[in-house]
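What follows is the content of data.txt, which has compact mmCIF, C-alpha atoms and all ligand atoms:
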```txt
# COMPACT_ATOMS: atom_id res chain seq x y z
CA MET A 298 12.44 24.92 10.82
CA PRO A 299 12.59 21.89 8.44
CA THR A 300 9.30 20.67 7.07
CA ILE A 301 7.99 17.25 6.05
CA VAL A 302 5.13 17.25 3.54
CA THR A 303 2.88 14.22 3.04
CA PHE A 304 0.21 13.54 0.42
CA ALA A 305 -3.07 12.47 2.03
CA GLU A 306 -4.92 10.47 -0.60
CA VAL A 307 -8.71 10.31 -0.44
CA ARG A 308 -10.96 7.65 -1.92
CA ASP A 309 -14.74 7.41 -1.57
CA GLY A 310 -14.74 10.27 0.91
CA LYS A 311 -12.18 8.66 3.22
CA VAL A 312 -8.50 9.24 3.85
CA ARG A 313 -6.82 6.03 2.74
CA ARG A 314 -4.93 4.09 5.36
CA PRO A 315 -1.51 4.28 3.57
CA SER A 316 -1.84 8.08 3.80
CA LEU A 317 -2.34 7.86 7.56
CA GLU A 318 0.74 5.64 7.71
CA ALA A 319 2.68 8.34 5.81
CA VAL A 320 1.56 11.09 8.22
CA SER A 321 2.42 8.89 11.22
CA GLU A 322 5.87 8.16 9.76
CA ALA A 323 6.37 11.88 9.13
CA ARG A 324 5.48 12.54 12.79
CA ARG A 325 8.01 9.91 13.88
CA LEU A 326 10.76 11.46 11.69
CA ALA A 327 9.82 14.98 12.80
CA GLY A 328 11.45 14.31 16.19
CA PRO A 329 15.02 13.52 15.02
CA LEU A 330 14.78 16.02 12.13
CA GLY A 331 13.35 18.76 14.37
CA ALA A 332 10.68 19.25 11.70
CA THR A 333 7.04 20.20 11.43
CA VAL A 334 4.59 18.03 9.50
CA GLN A 335 2.31 19.34 6.76
CA SER A 336 -0.16 17.31 4.72
CA VAL A 337 -1.92 17.96 1.44
CA LEU A 338 -5.56 16.97 0.86
CA ILE A 339 -6.88 17.17 -2.70
CA GLY A 340 -10.41 16.43 -3.90
CA GLN A 341 -14.04 17.41 -3.71
CA GLY A 342 -15.60 17.77 -0.24
CA VAL A 343 -12.31 16.86 1.44
CA ALA A 344 -12.11 19.82 3.85
CA PRO A 345 -13.76 17.95 6.79
CA LEU A 346 -11.04 15.27 6.53
CA ALA A 347 -8.34 17.71 7.68
CA ALA A 348 -9.19 16.95 11.33
CA GLU A 349 -8.46 13.24 10.83
CA VAL A 350 -5.12 13.96 9.14
CA ALA A 351 -4.27 16.30 12.04
CA SER A 352 -5.14 13.61 14.58
CA TYR A 353 -2.40 11.39 13.08
CA GLY A 354 0.26 14.08 13.35
CA ALA A 355 -0.04 16.93 10.80
CA ASP A 356 0.66 20.43 12.15
CA ARG A 357 -0.71 22.10 9.03
CA VAL A 358 -3.09 20.76 6.37
CA HIS A 359 -3.27 22.31 2.90
CA VAL A 360 -6.75 21.70 1.51
CA PHE A 361 -7.55 21.85 -2.21
CA ASP A 362 -11.32 21.38 -2.12
CA ASP A 363 -12.77 21.84 -5.59
CA ALA A 364 -15.52 20.14 -7.63
CA GLU A 365 -13.03 19.99 -10.52
CA LEU A 366 -10.75 17.82 -8.34
CA GLY A 367 -13.48 15.27 -7.58
CA SER A 368 -11.83 12.69 -9.82
CA TYR A 369 -8.11 12.07 -9.92
CA ALA A 370 -6.30 13.81 -12.76
CA THR A 371 -2.52 13.46 -12.87
CA GLU A 372 -1.85 16.98 -14.08
CA SER A 373 -3.95 18.96 -11.62
CA PHE A 374 -3.06 16.78 -8.61
CA ALA A 375 0.66 16.99 -9.48
CA ARG A 376 0.32 20.75 -9.92
CA ALA A 377 -1.34 21.14 -6.49
CA LEU A 378 1.26 19.03 -4.70
CA ALA A 379 4.15 20.78 -6.48
CA GLN A 380 2.64 24.15 -5.57
CA VAL A 381 2.77 23.32 -1.85
CA ILE A 382 6.32 21.97 -2.15
CA THR A 383 7.51 25.09 -4.00
CA GLN A 384 5.82 27.27 -1.37
CA GLU A 385 6.89 25.39 1.79
CA LYS A 386 10.33 24.15 0.62
CA PRO A 387 10.17 20.90 2.65
CA SER A 388 13.27 18.82 3.28
CA VAL A 389 11.21 15.60 3.01
CA VAL A 390 8.13 14.64 0.94
CA LEU A 391 6.30 11.35 1.64
CA VAL A 392 3.70 9.88 -0.72
CA PRO A 393 1.95 6.48 -0.30
CA TYR A 394 3.03 3.85 -2.86
CA THR A 395 -0.54 3.36 -4.05
CA ALA A 396 -1.73 3.42 -7.67
CA MET A 397 -2.32 7.17 -7.34
CA GLY A 398 0.94 7.76 -5.48
CA LYS A 399 2.92 5.81 -8.10
CA ASP A 400 1.36 7.99 -10.80
CA VAL A 401 1.64 11.41 -9.18
CA ALA A 402 4.98 11.21 -7.31
CA PRO A 403 7.33 11.00 -10.34
CA ARG A 404 5.50 13.93 -11.98
CA VAL A 405 5.86 16.03 -8.85
CA ALA A 406 9.52 15.03 -8.42
CA ALA A 407 10.25 16.15 -11.98
CA ARG A 408 8.42 19.44 -11.46
CA VAL A 409 10.22 20.37 -8.23
CA GLY A 410 13.59 18.79 -9.13
CA ALA A 411 13.50 16.25 -6.28
CA GLY A 412 15.22 12.88 -6.10
CA LEU A 413 12.53 10.19 -5.73
CA VAL A 414 13.06 6.83 -4.02
CA SER A 415 10.11 4.53 -4.61
CA ASP A 416 8.59 1.58 -2.72
CA VAL A 417 10.46 2.40 0.50
CA VAL A 418 10.08 -0.05 3.41
CA LYS A 419 12.25 1.73 6.02
CA LEU A 420 13.31 5.30 6.75
CA GLU A 421 15.97 6.42 9.20
CA VAL A 422 17.60 9.71 10.09
CA LYS A 423 21.42 9.63 9.87
CA ASP A 424 23.45 12.82 10.47
CA GLY A 425 20.34 14.93 9.98
CA LYS A 426 19.63 13.34 6.59
CA LEU A 427 17.25 10.64 5.54
CA GLU A 428 18.31 7.13 4.60
CA ALA A 429 15.87 4.79 2.86
CA ARG A 430 15.64 1.03 2.40
CA ARG A 431 13.88 -0.38 -0.65
CA PRO A 432 13.61 -3.91 -2.05
CA VAL A 433 15.51 -4.64 -5.27
CA TYR A 434 15.86 -7.70 -7.53
CA ALA A 435 12.24 -8.76 -6.90
CA GLY A 436 12.73 -8.56 -3.13
CA LYS A 437 15.91 -10.69 -3.09
CA ALA A 438 17.91 -7.81 -1.61
CA LEU A 439 17.39 -4.47 0.09
CA ALA A 440 19.16 -1.35 -1.19
CA THR A 441 20.10 1.51 1.13
CA VAL A 442 19.61 4.85 -0.62
CA ARG A 443 20.53 8.42 0.29
CA TRP A 444 19.49 11.61 -1.47
CA GLU A 445 21.62 14.33 -3.00
CA GLY A 446 19.96 17.63 -2.10
CA GLU A 447 16.40 18.38 -1.11
CA PRO A 448 13.53 17.71 -1.06
CA GLN A 449 14.14 14.08 -0.24
CA MET A 450 11.09 12.45 -1.78
CA ALA A 451 9.89 8.89 -1.16
CA THR A 452 6.90 6.70 -1.85
CA LEU A 453 6.09 4.38 1.07
CA ARG A 454 4.94 0.77 0.66
CA PRO A 455 1.47 0.38 2.26
CA ASN A 456 1.09 -1.66 5.47
CA VAL A 457 4.82 -1.50 6.29
CA PHE A 458 4.89 1.75 8.27
CA ALA A 459 2.65 1.82 11.35
CA ALA A 460 -0.27 4.22 11.44
CA GLY A 461 0.03 5.66 14.96
CA ALA A 462 -2.89 6.07 17.31
CA ALA A 463 -5.15 8.96 16.36
CA ASP A 464 -5.31 11.74 18.93
CA ALA A 465 -8.58 13.61 18.40
CA ALA A 466 -7.32 16.45 20.62
CA ARG A 467 -4.51 17.18 18.15
CA LYS A 468 -5.37 20.18 15.98
CA ALA A 469 -3.74 21.50 12.83
CA GLU A 470 -3.74 24.85 11.09
CA VAL A 471 -5.91 24.40 7.99
CA ARG A 472 -5.06 26.37 4.85
CA LYS A 473 -7.50 26.61 1.97
CA GLU A 474 -5.60 26.45 -1.31
CA THR A 475 -6.55 26.87 -4.94
CA VAL A 476 -4.89 25.52 -8.05
CA ASP A 477 -5.35 25.69 -11.81
CA THR A 478 -7.50 22.58 -12.42
CA SER A 479 -7.08 22.44 -16.19
CA ALA A 480 -5.88 19.04 -17.40
CA ARG A 481 -5.24 17.57 -20.83
CA ALA A 482 -6.66 14.19 -19.73
CA ARG A 483 -9.57 13.71 -17.38
CA VAL A 484 -11.45 10.80 -15.80
CA THR A 485 -15.01 10.94 -17.11
CA ALA A 486 -16.32 7.80 -15.39
CA VAL A 487 -15.06 5.08 -13.04
CA HIS A 488 -16.29 1.54 -13.64
CA ALA A 489 -15.56 -0.20 -10.32
CA THR A 490 -15.23 -3.96 -10.55
CA VAL A 491 -14.85 -4.83 -6.87
CA SER A 492 -17.26 -2.58 -5.02
CA GLY A 493 -17.59 -3.55 -1.38
CA LYS A 494 -14.57 -5.88 -1.46
CA LEU A 495 -11.49 -5.34 0.64
CA GLU A 496 -8.63 -3.62 -1.18
CA LEU A 497 -5.84 -6.18 -1.51
CA THR A 498 -2.97 -3.75 -0.86
CA GLU A 499 -4.54 -2.36 2.32
CA ALA A 500 -5.89 -5.56 3.89
CA GLN A 501 -4.47 -6.75 7.21
CA ILE A 502 -5.06 -10.39 6.20
CA VAL A 503 -4.72 -11.81 2.68
CA VAL A 504 -5.65 -15.38 1.69
CA SER A 505 -4.21 -16.31 -1.72
CA GLY A 506 -4.81 -19.30 -3.93
CA GLY A 507 -2.54 -20.96 -6.49
CA ARG A 508 -2.53 -23.72 -9.08
CA GLY A 509 -2.74 -26.30 -6.27
CA LEU A 510 -6.49 -25.61 -6.29
CA LYS A 511 -6.62 -27.53 -9.60
CA GLY A 512 -9.41 -25.51 -11.22
CA PRO A 513 -11.58 -22.37 -11.01
CA GLU A 514 -14.44 -24.41 -9.54
CA ASN A 515 -12.36 -24.84 -6.37
CA PHE A 516 -11.32 -21.22 -5.89
CA HIS A 517 -14.35 -20.74 -3.61
CA LEU A 518 -12.34 -22.65 -0.95
CA VAL A 519 -9.94 -19.70 -0.76
CA GLU A 520 -12.78 -17.17 -0.92
CA SER A 521 -14.62 -18.91 1.93
CA LEU A 522 -11.55 -18.91 4.16
CA ALA A 523 -10.93 -15.23 3.33
CA GLY A 524 -14.57 -14.43 4.08
CA ALA A 525 -14.39 -16.20 7.45
CA MET A 526 -11.23 -14.31 8.38
CA GLY A 527 -12.32 -10.90 7.08
CA ALA A 528 -9.43 -11.12 4.62
CA ALA A 529 -8.84 -9.94 1.06
CA VAL A 530 -8.44 -12.56 -1.66
CA GLY A 531 -5.22 -12.87 -3.67
CA ALA A 532 -3.94 -15.23 -6.35
CA SER A 533 -0.78 -16.39 -8.06
CA ARG A 534 -0.13 -15.49 -11.67
CA ALA A 535 -0.63 -19.09 -12.78
CA VAL A 536 -4.23 -18.85 -11.63
CA VAL A 537 -4.73 -15.44 -13.24
CA ASP A 538 -3.15 -16.52 -16.54
CA ALA A 539 -5.42 -19.57 -16.56
CA GLY A 540 -8.39 -17.18 -16.34
CA TRP A 541 -9.69 -18.46 -12.97
CA VAL A 542 -9.69 -14.96 -11.46
CA ASP A 543 -9.13 -11.41 -12.70
CA HIS A 544 -5.65 -9.80 -12.81
CA GLN A 545 -6.63 -7.38 -10.03
CA TYR A 546 -6.17 -10.30 -7.58
CA GLN A 547 -2.65 -11.15 -8.71
CA VAL A 548 0.10 -10.86 -6.10
CA GLY A 549 3.69 -10.62 -7.25
CA GLN A 550 6.22 -8.93 -9.45
CA THR A 551 3.73 -8.27 -12.24
CA GLY A 552 0.76 -7.99 -9.87
CA LYS A 553 0.20 -6.20 -6.58
CA THR A 554 2.62 -5.85 -3.70
CA VAL A 555 1.03 -6.61 -0.34
CA SER A 556 2.40 -6.35 3.20
CA PRO A 557 -0.43 -7.60 5.43
CA THR A 558 -0.01 -8.74 9.02
CA LEU A 559 -0.97 -12.25 7.88
CA TYR A 560 -0.57 -13.81 4.41
CA VAL A 561 -1.97 -17.29 3.86
CA ALA A 562 -0.66 -19.00 0.69
CA CYS A 563 -2.78 -21.97 -0.37
CA GLY A 564 -1.38 -24.26 -3.07
CA ILE A 565 1.23 -21.70 -4.14
CA SER A 566 4.73 -22.99 -4.83
CA GLY A 567 6.51 -19.72 -3.91
CA ALA A 568 8.21 -18.74 -7.18
CA ILE A 569 10.53 -15.74 -6.83
CA GLN A 570 8.07 -13.59 -8.82
CA HIS A 571 5.30 -14.40 -6.33
CA LEU A 572 7.54 -13.79 -3.32
CA ALA A 573 8.38 -10.34 -4.72
CA GLY A 574 4.81 -9.31 -3.98
CA MET A 575 4.30 -10.73 -0.49
CA SER A 576 7.57 -11.53 1.28
CA SER A 577 7.38 -8.34 3.37
CA SER A 578 4.19 -9.66 5.04
CA LYS A 579 4.63 -9.86 8.83
CA TYR A 580 3.50 -13.48 9.15
CA ILE A 581 3.32 -15.96 6.30
CA VAL A 582 1.40 -19.22 6.54
CA ALA A 583 1.83 -21.73 3.72
CA ILE A 584 -0.35 -24.73 2.94
CA ASN A 585 1.24 -27.04 0.39
CA ARG A 586 1.42 -30.79 -0.02
CA ASP A 587 5.06 -30.61 -1.17
CA ALA A 588 7.35 -30.23 1.84
CA ASP A 589 10.11 -28.95 -0.47
CA ALA A 590 8.03 -26.14 -1.99
CA PRO A 591 10.05 -22.88 -1.88
CA ILE A 592 7.16 -21.06 -0.15
CA PHE A 593 8.19 -22.83 3.08
CA LYS A 594 11.53 -20.96 3.02
CA VAL A 595 9.73 -17.67 3.68
CA ALA A 596 6.83 -19.05 5.74
CA ASN A 597 6.67 -18.50 9.50
CA TYR A 598 4.20 -21.39 9.77
CA GLY A 599 3.79 -24.18 7.26
CA VAL A 600 1.30 -26.99 6.88
CA VAL A 601 2.35 -29.88 4.64
CA GLY A 602 -0.93 -31.35 3.51
CA ASP A 603 -3.79 -31.45 1.05
CA LEU A 604 -5.60 -28.12 0.84
CA PHE A 605 -8.86 -29.85 -0.15
CA GLU A 606 -8.88 -31.44 3.30
CA LEU A 607 -7.40 -28.51 5.20
CA LEU A 608 -9.20 -25.44 3.83
CA PRO A 609 -12.78 -26.45 4.79
CA LYS A 610 -11.58 -27.31 8.32
CA LEU A 611 -9.66 -24.07 8.61
CA THR A 612 -12.68 -22.12 7.36
CA GLU A 613 -14.89 -23.71 10.01
CA ALA A 614 -12.32 -22.95 12.72
CA ALA A 615 -11.94 -19.37 11.44
CA LYS A 616 -15.72 -18.88 11.48
CA GLN A 617 -15.83 -19.88 15.12
CA TYR A 618 -12.76 -17.86 16.10
CA PHE A 619 -13.45 -14.67 14.12
CA GLY A 620 -17.22 -14.99 14.39
CA GLY A 621 -16.92 -14.31 18.09
CA LYS A 622 -14.68 -11.31 17.47
CA ARG A 623 -16.41 -9.45 14.63
C1 LIG B 701 8.34 -12.19 -15.83
C2 LIG B 701 7.51 -13.02 -14.91
C3 LIG B 701 6.67 -12.39 -14.04
C4 LIG B 701 5.87 -13.15 -13.16
N1 LIG B 701 5.05 -12.51 -12.26
C5 LIG B 701 4.37 -13.24 -11.36
C6 LIG B 701 3.56 -12.60 -10.38
O1 LIG B 701 3.40 -11.40 -10.34
N2 LIG B 701 2.90 -13.40 -9.48
C7 LIG B 701 3.01 -14.77 -9.48
O2 LIG B 701 2.39 -15.42 -8.64
N3 LIG B 701 3.77 -15.37 -10.42
C8 LIG B 701 4.42 -14.66 -11.36
N4 LIG B 701 5.14 -15.30 -12.30
C9 LIG B 701 4.98 -16.76 -12.46
C10 LIG B 701 5.80 -17.57 -11.47
O3 LIG B 701 7.08 -17.80 -11.99
C11 LIG B 701 5.11 -18.93 -11.20
O4 LIG B 701 4.93 -19.59 -12.42
C12 LIG B 701 3.75 -18.83 -10.50
O5 LIG B 701 3.86 -18.01 -9.37
C13 LIG B 701 3.30 -20.23 -10.09
O6 LIG B 701 2.02 -20.17 -9.55
P1 LIG B 701 1.54 -21.26 -8.51
O7 LIG B 701 2.43 -21.25 -7.33
O8 LIG B 701 0.09 -21.04 -8.30
O9 LIG B 701 1.66 -22.60 -9.34
P2 LIG B 701 2.68 -23.81 -9.22
O10 LIG B 701 4.08 -23.33 -9.30
O11 LIG B 701 2.23 -24.81 -10.21
O12 LIG B 701 2.46 -24.35 -7.74
C14 LIG B 701 1.33 -25.02 -7.33
C15 LIG B 701 1.62 -25.56 -5.92
O13 LIG B 701 0.48 -26.18 -5.41
C16 LIG B 701 0.88 -27.32 -4.66
N5 LIG B 701 -0.26 -28.25 -4.61
C17 LIG B 701 -0.75 -28.99 -5.63
N6 LIG B 701 -1.83 -29.68 -5.21
C18 LIG B 701 -1.99 -29.39 -3.89
C19 LIG B 701 -2.93 -29.81 -2.91
N7 LIG B 701 -3.92 -30.66 -3.19
N8 LIG B 701 -2.79 -29.32 -1.66
C20 LIG B 701 -1.80 -28.43 -1.36
N9 LIG B 701 -0.89 -28.01 -2.26
C21 LIG B 701 -0.98 -28.47 -3.52
C22 LIG B 701 2.08 -27.86 -5.40
O14 LIG B 701 2.90 -28.63 -4.53
C23 LIG B 701 2.76 -26.59 -5.88
O15 LIG B 701 3.76 -26.16 -4.97
C24 LIG B 701 5.93 -14.57 -13.19
C25 LIG B 701 6.79 -15.18 -14.10
C26 LIG B 701 7.58 -14.44 -14.94
C27 LIG B 701 8.51 -15.13 -15.89
```
Whole structure, structure tokens version:
Amino acid sequence: MPTIVTFAEVRDGKVRRPSLEAVSEARRLAGPLGATVQSVLIGQGVAPLAAEVASYGADRVHVFDDAELGSYATESFARALAQVITQEKPSVVLVPYTAMGKDVAPRVAARVGAGLVSDVVKLEVKDGKLEARRPVYAGKALATVRWEGEPQMATLRPNVFAAGAADAARKAEVRKETVDTSARARVTAVHATVSGKLELTEAQIVVSGGRGLKGPENFHLVESLAGAMGAAVGASRAVVDAGWVDHQYQVGQTGKTVSPTLYVACGISGAIQHLAGMSSSKYIVAINRDADAPIFKVANYGVVGDLFELLPKLTEAAKQYFGGKR
């Protein structure tokens, strides 16, 4: 029977949402491919998380639970994943397109001789084979890609594929695995800069600010709206280059790619390099005083107006609306 293998990434003791999206997508593809779904959990103290991965659709979970795997190390994680692929000979391998996924997937593909299609936004089964869609030319076009041979390996853009409903009654066979944990480079400490803040790439709502805010002293307007909506904060490169906020907030071609349900662009013109990082958002709302700003071409809803007037009002309205819901 064909097999689909997914990588279930763990951070701070939790399975990350893009990994649950990957398992759910594997479950969806398992029907037309007539396949079983297997997931790989790697880390320290990760064994109890197998039940959650199973509840989203895995039939078997390979668990590498080792103190030496407590911090991410490219070599040992790639070795573990490649070991499962060599053993199970899957026809499909799905990895989330997260920082870790982007790092580990090419290594694994090289080790197992797989073709890798990255940043995939759609998968379909055609004649028993997989067909992928991925953005190219900074999101200006979508390429359709097919694989030669197996395994067909893909990294999936977060927030694009739906994480299905968890079914707690769903059980998986759990296999304890071991791997050589030696690595030539190791993480010795992690210095987190945004503890407690919402991860931009996983947020369901993102509120971003651009040069229209005029100066760093006004960026709090965006942060307040984001806070009222339970959203993550993003920024254009102009704002980052000017030193108003750190690069970790940058959305776009040379920043992060986000696909939230709602993206609110405040005082952002909508340059092609910015659109590359957010145009796959489900709903885009733009606030800009220039009716001809290119951002309005991709926006589902647009407000032509002054953000200094609009943002405080919107924040108040959001507080009332979301305050009652959270
Ligand atoms: C190789 C390369 C890579 C790049 N990568 C990125 C990237 O990753 N991300 C990115 O964002 N950019 C990137 N850029 C830069 C990009 O081309 C733009 O310069 C940048 O996105 C512009 O940022 P902005 O929209 O904030 O500023 P601007 O283009 O200056 O737009 C500001 C907007 O604010 C509006 N505005 C002004 N005042 C108000 C007001 N009071 N109320 C409402 N609206 C107002 C204006 O009408 C204008 O549309 C890249 C460029 C290059 C060459």
Draw an axis-aligned box tight on the listed atoms of ligand LIG 701 (chain B), then pad every side by 3 Å and write out centre and edge lengths in Å to one decimal as AutoDock Vina command-line options.
```
--center_x 2.3 --center_y -21.0 --center_z -8.6 --size_x 18.4 --size_y 25.3 --size_z 20.5
```
Which residues form the shell of 8 Å around ligand LIG 701 (chain B) when you count only C-alpha atoms and all ligand atoms, given as a VMD selection string? chain A and resid 506 to 511 532 to 536 547 to 553 563 to 574 584 to 588 590 to 592 601 to 605
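Proximity to Pro315 in chain A at 7 Å, evaluated using only C-alpha atoms and with sequence-adjacent residues fewer than 6 positions away removed, yields Pro393, Pro455 and Asn456 of chain A.
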Got a sec: who's within 8 Å of Ala500 in chain A, counting all atoms listed in the file, leaving out chain neighbours fewer than 6 positions off, as a ChimeraX atom specification? /A:528-529,557
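With distances taken over all atoms listed in the file, A:Asp356 is the one residue among A:Glu613, A:Asp356, A:Glu318, A:Glu520 lying closest to Glu470 in chain A.
Distances to Ile301 in chain A were evaluated for A:Ala319, A:Ala351, A:Val542, A:Val390 using only C-alpha atoms, and the minimum falls at A:Val390.
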Fewer than 3 positions away in the same chain doesn't count, so skip those; otherwise give me all residues within 12 Å of Glu499 in chain A, counting all atoms listed in the file, as a JSON list (two decimals) with C-alpha atoms, keeping the file's coordinate frame.
```json
[["chain", "number", "residue", "atom", "x", "y", "z"],
["A", 313, "ARG", "CA", -6.82, 6.03, 2.74],
["A", 314, "ARG", "CA", -4.93, 4.09, 5.36],
["A", 315, "PRO", "CA", -1.51, 4.28, 3.57],
["A", 316, "SER", "CA", -1.84, 8.08, 3.80],
["A", 317, "LEU", "CA", -2.34, 7.86, 7.56],
["A", 318, "GLU", "CA", 0.74, 5.64, 7.71],
["A", 393, "PRO", "CA", 1.95, 6.48, -0.30],
["A", 394, "TYR", "CA", 3.03, 3.85, -2.86],
["A", 395, "THR", "CA", -0.54, 3.36, -4.05],
["A", 396, "ALA", "CA", -1.73, 3.42, -7.67],
["A", 454, "ARG", "CA", 4.94, 0.77, 0.66],
["A", 455, "PRO", "CA", 1.47, 0.38, 2.26],
["A", 456, "ASN", "CA", 1.09, -1.66, 5.47],
["A", 457, "VAL", "CA", 4.82, -1.50, 6.29],
["A", 458, "PHE", "CA", 4.89, 1.75, 8.27],
["A", 494, "LYS", "CA", -14.57, -5.88, -1.46],
["A", 495, "LEU", "CA", -11.49, -5.34, 0.64],
["A", 496, "GLU", "CA", -8.63, -3.62, -1.18],
["A", 502, "ILE", "CA", -5.06, -10.39, 6.20],
["A", 503, "VAL", "CA", -4.72, -11.81, 2.68],
["A", 528, "ALA", "CA", -9.43, -11.12, 4.62],
["A", 529, "ALA", "CA", -8.84, -9.94, 1.06],
["A", 530, "VAL", "CA", -8.44, -12.56, -1.66],
["A", 553, "LYS", "CA", 0.20, -6.20, -6.58],
["A", 554, "THR", "CA", 2.62, -5.85, -3.70],
["A", 555, "VAL", "CA", 1.03, -6.61, -0.34],
["A", 556, "SER", "CA", 2.40, -6.35, 3.20],
["A", 557, "PRO", "CA", -0.43, -7.60, 5.43],
["A", 558, "THR", "CA", -0.01, -8.74, 9.02],
["A", 559, "LEU", "CA", -0.97, -12.25, 7.88],
["A", 578, "SER", "CA", 4.19, -9.66, 5.04]]
```
As a PDB file with C-alpha atoms, in the frame of the given file, please: the residues near range 298-300 of chain A (cut-off 9 Å, only C-alpha atoms, same-chain neighbours under 5 positions excluded).
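As written to disk, selection-v1.pdb reads:
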```pdb
ATOM      1  CA  ALA A 327       9.820  14.980  12.800  1.00  0.00           C
ATOM      2  CA  LEU A 330      14.780  16.020  12.130  1.00  0.00           C
ATOM      3  CA  GLY A 331      13.350  18.760  14.370  1.00  0.00           C
ATOM      4  CA  ALA A 332      10.680  19.250  11.700  1.00  0.00           C
ATOM      5  CA  THR A 333       7.040  20.200  11.430  1.00  0.00           C
ATOM      6  CA  VAL A 334       4.590  18.030   9.500  1.00  0.00           C
ATOM      7  CA  GLN A 335       2.310  19.340   6.760  1.00  0.00           C
ATOM      8  CA  GLU A 385       6.890  25.390   1.790  1.00  0.00           C
ATOM      9  CA  LYS A 386      10.330  24.150   0.620  1.00  0.00           C
ATOM     10  CA  PRO A 387      10.170  20.900   2.650  1.00  0.00           C
ATOM     11  CA  SER A 388      13.270  18.820   3.280  1.00  0.00           C
ATOM     12  CA  VAL A 389      11.210  15.600   3.010  1.00  0.00           C
ATOM     13  CA  VAL A 390       8.130  14.640   0.940  1.00  0.00           C
TER      14      VAL A 390
END
```
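For the pair CA of Ser576 in chain A and CA of Asn597 in chain A, the separation is 10.8 Å.
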Å distance separating CA of Val392 in chain A from CA of Thr303 in chain A, one decimal place: 5.8 Å
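Near Ala305 in chain A, within 7 Å and counting all atoms listed in the file, sit Val312, Ser316, Ser336, Val337 and Leu338 of chain A, not including residues fewer than 5 positions from it in the same chain.
Of the residues listed (A:Gly328, A:Val360, A:Leu420, A:Ser352), A:Val360 shows the shortest atom-to-atom separation from Val307 in chain A; distances use only C-alpha atoms.
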Completion step: range 400-410 of chain A with N, CA, C and O atoms as a PDB file, keeping the file's coordinate frame:
```pdb
ATOM      1  N   ASP A 400       1.589   7.173  -9.602  1.00  0.00           N
ATOM      2  CA  ASP A 400       1.360   7.990 -10.800  1.00  0.00           C
ATOM      3  C   ASP A 400       1.789   9.438 -10.562  1.00  0.00           C
ATOM      4  O   ASP A 400       2.442  10.040 -11.420  1.00  0.00           O
ATOM      5  N   VAL A 401       1.441   9.966  -9.397  1.00  0.00           N
ATOM      6  CA  VAL A 401       1.640  11.410  -9.180  1.00  0.00           C
ATOM      7  C   VAL A 401       3.070  11.747  -8.729  1.00  0.00           C
ATOM      8  O   VAL A 401       3.614  12.793  -9.092  1.00  0.00           O
ATOM      9  N   ALA A 402       3.684  10.869  -7.928  1.00  0.00           N
ATOM     10  CA  ALA A 402       4.980  11.210  -7.310  1.00  0.00           C
ATOM     11  C   ALA A 402       6.085  11.516  -8.336  1.00  0.00           C
ATOM     12  O   ALA A 402       6.788  12.524  -8.198  1.00  0.00           O
ATOM     13  N   PRO A 403       6.261  10.683  -9.394  1.00  0.00           N
ATOM     14  CA  PRO A 403       7.330  11.000 -10.340  1.00  0.00           C
ATOM     15  C   PRO A 403       7.107  12.331 -11.058  1.00  0.00           C
ATOM     16  O   PRO A 403       8.041  13.074 -11.312  1.00  0.00           O
ATOM     17  N   ARG A 404       5.834  12.646 -11.335  1.00  0.00           N
ATOM     18  CA  ARG A 404       5.500  13.930 -11.980  1.00  0.00           C
ATOM     19  C   ARG A 404       5.916  15.091 -11.089  1.00  0.00           C
ATOM     20  O   ARG A 404       6.484  16.076 -11.540  1.00  0.00           O
ATOM     21  N   VAL A 405       5.558  14.951  -9.805  1.00  0.00           N
ATOM     22  CA  VAL A 405       5.860  16.030  -8.850  1.00  0.00           C
ATOM     23  C   VAL A 405       7.372  16.161  -8.698  1.00  0.00           C
ATOM     24  O   VAL A 405       7.914  17.269  -8.706  1.00  0.00           O
ATOM     25  N   ALA A 406       8.057  15.008  -8.588  1.00  0.00           N
ATOM     26  CA  ALA A 406       9.520  15.030  -8.420  1.00  0.00           C
ATOM     27  C   ALA A 406      10.167  15.762  -9.594  1.00  0.00           C
ATOM     28  O   ALA A 406      11.080  16.573  -9.408  1.00  0.00           O
ATOM     29  N   ALA A 407       9.678  15.488 -10.799  1.00  0.00           N
ATOM     30  CA  ALA A 407      10.250  16.150 -11.980  1.00  0.00           C
ATOM     31  C   ALA A 407       9.978  17.654 -11.944  1.00  0.00           C
ATOM     32  O   ALA A 407      10.838  18.463 -12.257  1.00  0.00           O
ATOM     33  N   ARG A 408       8.770  18.016 -11.504  1.00  0.00           N
ATOM     34  CA  ARG A 408       8.420  19.440 -11.460  1.00  0.00           C
ATOM     35  C   ARG A 408       9.269  20.218 -10.463  1.00  0.00           C
ATOM     36  O   ARG A 408       9.650  21.350 -10.719  1.00  0.00           O
ATOM     37  N   VAL A 409       9.513  19.621  -9.286  1.00  0.00           N
ATOM     38  CA  VAL A 409      10.220  20.370  -8.230  1.00  0.00           C
ATOM     39  C   VAL A 409      11.719  20.030  -8.186  1.00  0.00           C
ATOM     40  O   VAL A 409      12.445  20.539  -7.337  1.00  0.00           O
ATOM     41  N   GLY A 410      12.169  19.144  -9.077  1.00  0.00           N
ATOM     42  CA  GLY A 410      13.590  18.790  -9.130  1.00  0.00           C
ATOM     43  C   GLY A 410      14.045  17.963  -7.940  1.00  0.00           C
ATOM     44  O   GLY A 410      15.174  18.109  -7.465  1.00  0.00           O
TER      45      GLY A 410
END
```
